[in-house]
Amino acid sequence: MRTERATGHLAALDGMRSVAILLVVGVHVAAATGMTVEGGLGWRMLANGGVGVSIFFVLSGFLLYRPFARAALDGTDAPDVRRYLRRRALRILPAYWLMLPFVLPLFNPEEARDPLVWLQMATLTHNYDPHPPWPMAASGLDGLGPIWSLSVEATFYVVLPVLALGLRRFSRGEPRRLLLGLAVLAGLSLLEAVGLRYIEHFGSVFGWNPYRLLFYNEHLLPRSLVFFALGMIMAVLAERPNRWSRAIGSTPGTSWTVAACALALMSTPLATPMNGAQSAHQYLLHNLLSVVISAAAVAPVAFAPRSPVATALLANPLMCRLGLVSYGVFLWHSPVIELWYDLTGRPLFLGDFWLVLGVTALFSLFLAALSHLFVEQPAQRLGRRGEK
C-alpha cells in the first residue's frame with residue numbers, strides 16, 4: 001500500500017547533519033588534545049567520531065538518489081543530469097575554493113609552490129594520486145586533512161547518474177529488484193574494503209606489505225560506497241514504505257539506542273585496539289559496526305522525518321541552524337585547530353579538550369556563517385536562476 005511521501009525541505013535531516021558534524025569536530029579536537037588515547041569509554045567512543053563522515057555519506061545517498069529512485073519506480077523521466085551536476089558543483093565548490101587559497105599556502109608553503117598540488121586540490125582529485133607530495137601515513141595536507149571525504153563525495157556526485165541508470169534498467173520499476181541491486185552494491189563495497197585488509201594481513205605473513213595500497217583505497221569511493229548505498233536503499237523505502245521501514249520510523253528511540261550501543265561496542269578492543277595497529281578482524285568488525293551505526297542513526301529520520309521525536313530533537317531551531325552551516329564548519333574547523341596551535345605555541349596532547357573545542361566551535365561557526373550567507377546561498381540562488 002502506498003503512503004504519503006514526505007516531500008519538501010525536511011528539517012530533521014538538517015539536524016542529523018548537526019549530529020554528524022559534531023562527531024567529526026569532536027574526534028579531530030580529541031585527537032589534537034590527546035584525548036583519543038584516554039581509557040574511559042566515553043573518550044574511546046569520541047575517538048570513533050569519524051563515523052560522522054559515514055552519516056554524511058548516508059544522508060547524501062538518501063537525498064541525492066531519491067529523485068532518481070522516484071523516477072525509476074514511477075516510470076517517469078529521470079532528473080536532468082546537467083542541472084543536477086550544476087547544482088552539486090555550485091553547492092560545494094564556491095565555498096571550498098574560497099577556503100583553499102587561504103589554507104593551502106598558510107599551512108603548506110612548500111607544497112603550495114607546486115602547481116600540480118593546486119590543480120589536484122582545486123579539482124578534488126588529490127585522492128587519486130598514489131604518490132602525493134606529503135607522507136603517505138598522513139591524512140593529507142595540514143589544515144586540509146578532512147577534504148579527502150569531500151573528494152569522495154564529489155566522485156559520488158559524478159557517478160550517481162550512471163549508477164541510477166543502471167539500477168533503473170535492472171529493476172524495471174520493481175522495488176524489490178531495485179533494493180536487490182543496491183544491496184549488491186553495498187555488499188561489494190564492504191567486501192572490497194575488508195578484502196584488501198585481509199590481503200594486507202596475509203601478505204605480511206609472506207613478507208609483502210601492501211600498506212600503501214590499503215591506505216590509498218581508504219580514501220576512494222569504492223571503500224565508502226556502502227554508506228552511500230545505504231542511503232540509496234533508504235530512498236527507495238521512503239518512496240515505497242514497507243512494514244519494516246514504518247516500524248523503524250515509528251520507533252526512533254530504538255534505532256538510536258542501537259546506534260549508541262554499536263558505537264560503544266566499536267570502542268572496545270573487539271574493534272578498536274587500545275594500543276598498536278588494528279588487526280584485520282578488528283577492521284572487519286569496525287566496518288560492520290560503522291554500517292550499523294550510520295544506518296540506525298539516519299533511518300528513523302529518512303522514514304519519518306516529521307515524527308514528534310525527530311521534530312523535537314533534530315528539527316528544533318538550534319540543530320537546524322547548525323545543520324545549515326555544517327558544510328562551512330566542515331571546511332573551516334581543521335584550519336581553525338591548526339591556527340590555534342600555531343598562534344598560541346601550545347604543544348599538542350595537553351588534554352585541554354574543552355578549551356580547544358570551545359575555540360574551534362566559536363571560530364568555525366563564525367566562518368561557516370559568513371560562508372553560508374555570502375558564498376553558499378548566493379551560489380545556490382545563481383544555480384536556480386540559471387535553470388529558469
# chains A, B, ... in the order shown; residues from 1 in each chain; ligands from 1

$ residues_around --residues "range 227-244 of chain A" --least-positions-apart "4" --cutoff "8 Å" --atoms "only C-alpha atoms" --output "PDB file with N, CA and C atoms, in the first residue's frame"
ATOM      1  N   ARG A   2       0.557   2.220  -0.813  1.00  0.00           N
ATOM      2  CA  ARG A   2       1.300   3.462  -0.866  1.00  0.00           C
ATOM      3  C   ARG A   2       0.919   4.348   0.309  1.00  0.00           C
ATOM      4  N   THR A   3       1.901   5.081   0.829  1.00  0.00           N
ATOM      5  CA  THR A   3       1.644   6.057   1.864  1.00  0.00           C
ATOM      6  C   THR A   3       2.104   7.407   1.372  1.00  0.00           C
ATOM      7  N   ARG A   5       4.118  10.601   0.755  1.00  0.00           N
ATOM      8  CA  ARG A   5       5.555  10.843   0.777  1.00  0.00           C
ATOM      9  C   ARG A   5       5.857  12.130   1.550  1.00  0.00           C
ATOM     10  N   SER A  54      30.589   8.842   7.833  1.00  0.00           N
ATOM     11  CA  SER A  54      29.699   7.814   7.267  1.00  0.00           C
ATOM     12  C   SER A  54      28.250   8.279   7.276  1.00  0.00           C
ATOM     13  N   ILE A  55      27.856   8.984   8.332  1.00  0.00           N
ATOM     14  CA  ILE A  55      26.485   9.517   8.401  1.00  0.00           C
ATOM     15  C   ILE A  55      26.273  10.545   7.296  1.00  0.00           C
ATOM     16  N   PHE A  57      27.718  10.553   4.420  1.00  0.00           N
ATOM     17  CA  PHE A  57      27.611   9.790   3.171  1.00  0.00           C
ATOM     18  C   PHE A  57      26.222   9.177   3.023  1.00  0.00           C
ATOM     19  N   VAL A  58      25.680   8.631   4.113  1.00  0.00           N
ATOM     20  CA  VAL A  58      24.333   8.048   4.055  1.00  0.00           C
ATOM     21  C   VAL A  58      23.310   9.119   3.699  1.00  0.00           C
ATOM     22  N   LEU A  59      23.423  10.285   4.322  1.00  0.00           N
ATOM     23  CA  LEU A  59      22.497  11.384   4.020  1.00  0.00           C
ATOM     24  C   LEU A  59      22.593  11.789   2.553  1.00  0.00           C
ATOM     25  N   SER A  60      23.813  11.849   2.005  1.00  0.00           N
ATOM     26  CA  SER A  60      23.973  12.203   0.599  1.00  0.00           C
ATOM     27  C   SER A  60      23.319  11.169  -0.302  1.00  0.00           C
ATOM     28  N   GLY A  61      23.551   9.895  -0.001  1.00  0.00           N
ATOM     29  CA  GLY A  61      22.931   8.849  -0.804  1.00  0.00           C
ATOM     30  C   GLY A  61      21.420   8.936  -0.781  1.00  0.00           C
ATOM     31  N   PHE A  62      20.865   9.199   0.387  1.00  0.00           N
ATOM     32  CA  PHE A  62      19.408   9.289   0.523  1.00  0.00           C
ATOM     33  C   PHE A  62      18.848  10.485  -0.245  1.00  0.00           C
ATOM     34  N   LEU A  63      19.389  11.657  -0.012  1.00  0.00           N
ATOM     35  CA  LEU A  63      18.824  12.880  -0.585  1.00  0.00           C
ATOM     36  C   LEU A  63      19.049  12.972  -2.095  1.00  0.00           C
ATOM     37  N   TYR A  65      19.826  10.464  -4.298  1.00  0.00           N
ATOM     38  CA  TYR A  65      19.271   9.389  -5.116  1.00  0.00           C
ATOM     39  C   TYR A  65      17.744   9.388  -5.119  1.00  0.00           C
ATOM     40  N   ARG A  66      17.119  10.017  -4.151  1.00  0.00           N
ATOM     41  CA  ARG A  66      15.665   9.904  -4.036  1.00  0.00           C
ATOM     42  C   ARG A  66      14.919  10.349  -5.300  1.00  0.00           C
ATOM     43  N   ALA A  69      15.319   7.532  -7.686  1.00  0.00           N
ATOM     44  CA  ALA A  69      14.529   6.375  -7.270  1.00  0.00           C
ATOM     45  C   ALA A  69      13.050   6.585  -7.579  1.00  0.00           C
ATOM     46  N   ARG A  70      12.558   7.790  -7.307  1.00  0.00           N
ATOM     47  CA  ARG A  70      11.149   8.090  -7.582  1.00  0.00           C
ATOM     48  C   ARG A  70      10.847   7.928  -9.072  1.00  0.00           C
ATOM     49  N   PRO A 175      10.361  -2.411  -6.936  1.00  0.00           N
ATOM     50  CA  PRO A 175      11.109  -2.014  -5.738  1.00  0.00           C
ATOM     51  C   PRO A 175      12.058  -3.090  -5.230  1.00  0.00           C
ATOM     52  N   LEU A 178      15.144  -3.222  -7.292  1.00  0.00           N
ATOM     53  CA  LEU A 178      15.954  -2.037  -7.038  1.00  0.00           C
ATOM     54  C   LEU A 178      16.709  -2.191  -5.719  1.00  0.00           C
ATOM     55  N   LEU A 179      16.034  -2.678  -4.695  1.00  0.00           N
ATOM     56  CA  LEU A 179      16.685  -2.910  -3.407  1.00  0.00           C
ATOM     57  C   LEU A 179      17.761  -3.985  -3.522  1.00  0.00           C
ATOM     58  N   LEU A 182      20.885  -2.462  -5.065  1.00  0.00           N
ATOM     59  CA  LEU A 182      21.584  -1.612  -4.108  1.00  0.00           C
ATOM     60  C   LEU A 182      22.264  -2.441  -3.023  1.00  0.00           C
ATOM     61  N   ALA A 183      21.629  -3.518  -2.606  1.00  0.00           N
ATOM     62  CA  ALA A 183      22.255  -4.400  -1.618  1.00  0.00           C
ATOM     63  C   ALA A 183      23.529  -5.025  -2.175  1.00  0.00           C
ATOM     64  N   LEU A 185      25.466  -3.628  -4.458  1.00  0.00           N
ATOM     65  CA  LEU A 185      26.452  -2.543  -4.443  1.00  0.00           C
ATOM     66  C   LEU A 185      27.073  -2.388  -3.057  1.00  0.00           C
ATOM     67  N   ALA A 186      26.235  -2.373  -2.029  1.00  0.00           N
ATOM     68  CA  ALA A 186      26.731  -2.219  -0.667  1.00  0.00           C
ATOM     69  C   ALA A 186      27.634  -3.383  -0.278  1.00  0.00           C
ATOM     70  N   ILE A 248      10.565   1.179  11.862  1.00  0.00           N
ATOM     71  CA  ILE A 248      11.758   1.945  12.229  1.00  0.00           C
ATOM     72  C   ILE A 248      11.412   3.419  12.386  1.00  0.00           C
ATOM     73  N   VAL A 291      28.540   0.465   9.574  1.00  0.00           N
ATOM     74  CA  VAL A 291      27.319   0.314   8.783  1.00  0.00           C
ATOM     75  C   VAL A 291      26.100   0.357   9.694  1.00  0.00           C
ATOM     76  N   SER A 294      25.645   4.095  11.250  1.00  0.00           N
ATOM     77  CA  SER A 294      25.156   5.109  10.309  1.00  0.00           C
ATOM     78  C   SER A 294      23.746   4.800   9.841  1.00  0.00           C
ATOM     79  N   ALA A 295      23.446   3.521   9.614  1.00  0.00           N
ATOM     80  CA  ALA A 295      22.087   3.149   9.193  1.00  0.00           C
ATOM     81  C   ALA A 295      21.077   3.412  10.303  1.00  0.00           C
ATOM     82  N   ALA A 299      18.150   6.161   9.543  1.00  0.00           N
ATOM     83  CA  ALA A 299      16.917   5.524   9.074  1.00  0.00           C
ATOM     84  C   ALA A 299      15.643   6.126   9.673  1.00  0.00           C
ATOM     85  N   ALA A 302      14.971   9.323   7.900  1.00  0.00           N
ATOM     86  CA  ALA A 302      14.647   9.126   6.491  1.00  0.00           C
ATOM     87  C   ALA A 302      13.213   8.632   6.313  1.00  0.00           C
ATOM     88  N   PHE A 303      12.752   7.767   7.219  1.00  0.00           N
ATOM     89  CA  PHE A 303      11.440   7.155   7.067  1.00  0.00           C
ATOM     90  C   PHE A 303      10.316   7.962   7.709  1.00  0.00           C
TER      91      PHE A 303
END

$ select_by_dssp --residues "range 11-190 of chain A" --states "alpha helix (DSSP H)" --output "count of residues only"
130

$ residues_around --residues "Thr33 in chain A" --least-positions-apart "2" --cutoff "8 Å" --atoms "only C-alpha atoms" --output "PyMOL selection string"
chain A and resi 29-31+35+348-353+356

$ closest_residue --among "A:Ser255, A:Thr272, A:Ser224, A:Ser279" --to "Ile199 in chain A" --atoms "only C-alpha atoms"
A:Ser279

$ residues_around --residues "Gly323 in chain A" --least-positions-apart "2" --cutoff "10 Å" --atoms "only C-alpha atoms" --output "JSON, numbers by chain"
{"A": [11, 12, 13, 14, 15, 16, 17, 18, 19, 20, 21, 22, 314, 315, 317, 318, 319, 320, 321, 325, 326, 327, 328, 329]}

$ closest_residue --among "A:Leu160, A:Leu141, A:Leu324, A:Leu41" --to "Glu376 in chain A" --atoms "only C-alpha atoms"
A:Leu324

$ closest_residue --among "A:Phe330, A:Tyr128, A:Phe215, A:Phe170" --to "Ile92 in chain A" --atoms "only C-alpha atoms"
A:Phe330

$ residues_around --residues "Gly383 in chain A" --least-positions-apart "5" --cutoff "7 Å" --atoms "only C-alpha atoms" --output "list of chain:residue names"
A:Arg86, A:Arg87, A:Leu90

$ residues_around --residues "Gly145 in chain A" --least-positions-apart "3" --cutoff "12 Å" --atoms "only C-alpha atoms" --output "VMD selection string"
chain A and resid 24 28 103 to 104 107 to 108 121 126 to 127 134 137 to 142 148 to 151 219 330 to 335 337 to 338

$ residues_around --residues "Ser250 in chain A" --least-positions-apart "4" --cutoff "8 Å" --atoms "only C-alpha atoms" --output "ChimeraX atom specification"
/A:246,300,304,307

$ write_last_selection --atoms "N, CA and C atoms" --output "PDB file, in the first residue's frame"
ATOM      1  N   ARG A 246       8.271   1.359   8.196  1.00  0.00           N
ATOM      2  CA  ARG A 246       7.292   2.034   9.057  1.00  0.00           C
ATOM      3  C   ARG A 246       7.607   1.795  10.528  1.00  0.00           C
ATOM      4  N   PRO A 300      15.551   6.363  10.988  1.00  0.00           N
ATOM      5  CA  PRO A 300      14.297   6.922  11.512  1.00  0.00           C
ATOM      6  C   PRO A 300      13.954   8.278  10.920  1.00  0.00           C
ATOM      7  N   ALA A 304      10.625   8.738   8.742  1.00  0.00           N
ATOM      8  CA  ALA A 304       9.586   9.537   9.411  1.00  0.00           C
ATOM      9  C   ALA A 304      10.192  10.865   9.856  1.00  0.00           C
ATOM     10  N   SER A 307       8.185  12.999  12.472  1.00  0.00           N
ATOM     11  CA  SER A 307       7.660  12.386  13.688  1.00  0.00           C
ATOM     12  C   SER A 307       7.903  13.316  14.873  1.00  0.00           C
TER      13      SER A 307
END

$ closest_residue --among "A:Arg176, A:Arg169, A:Arg88, A:His281" --to "Tyr198 in chain A" --atoms "only C-alpha atoms"
A:His281

$ closest_residue --among "A:Val309, A:Ala164, A:Asn275, A:Asp342" --to "Gly39 in chain A" --atoms "only C-alpha atoms"
A:Asn275

$ atom_distance --atom1 "CA of Leu100 in chain A" --atom2 "CA of Val226 in chain A"
28.9 Å

$ atom_distance --atom1 "CA of Leu289 in chain A" --atom2 "CA of Ala193 in chain A"
13.9 Å

$ atom_distance --atom1 "CA of Ala89 in chain A" --atom2 "CA of Phe156 in chain A"
12.2 Å

$ closest_residue --among "A:Gly195, A:Gly249, A:Pro133, A:Gly50" --to "Pro115 in chain A" --atoms "only C-alpha atoms"
A:Pro133
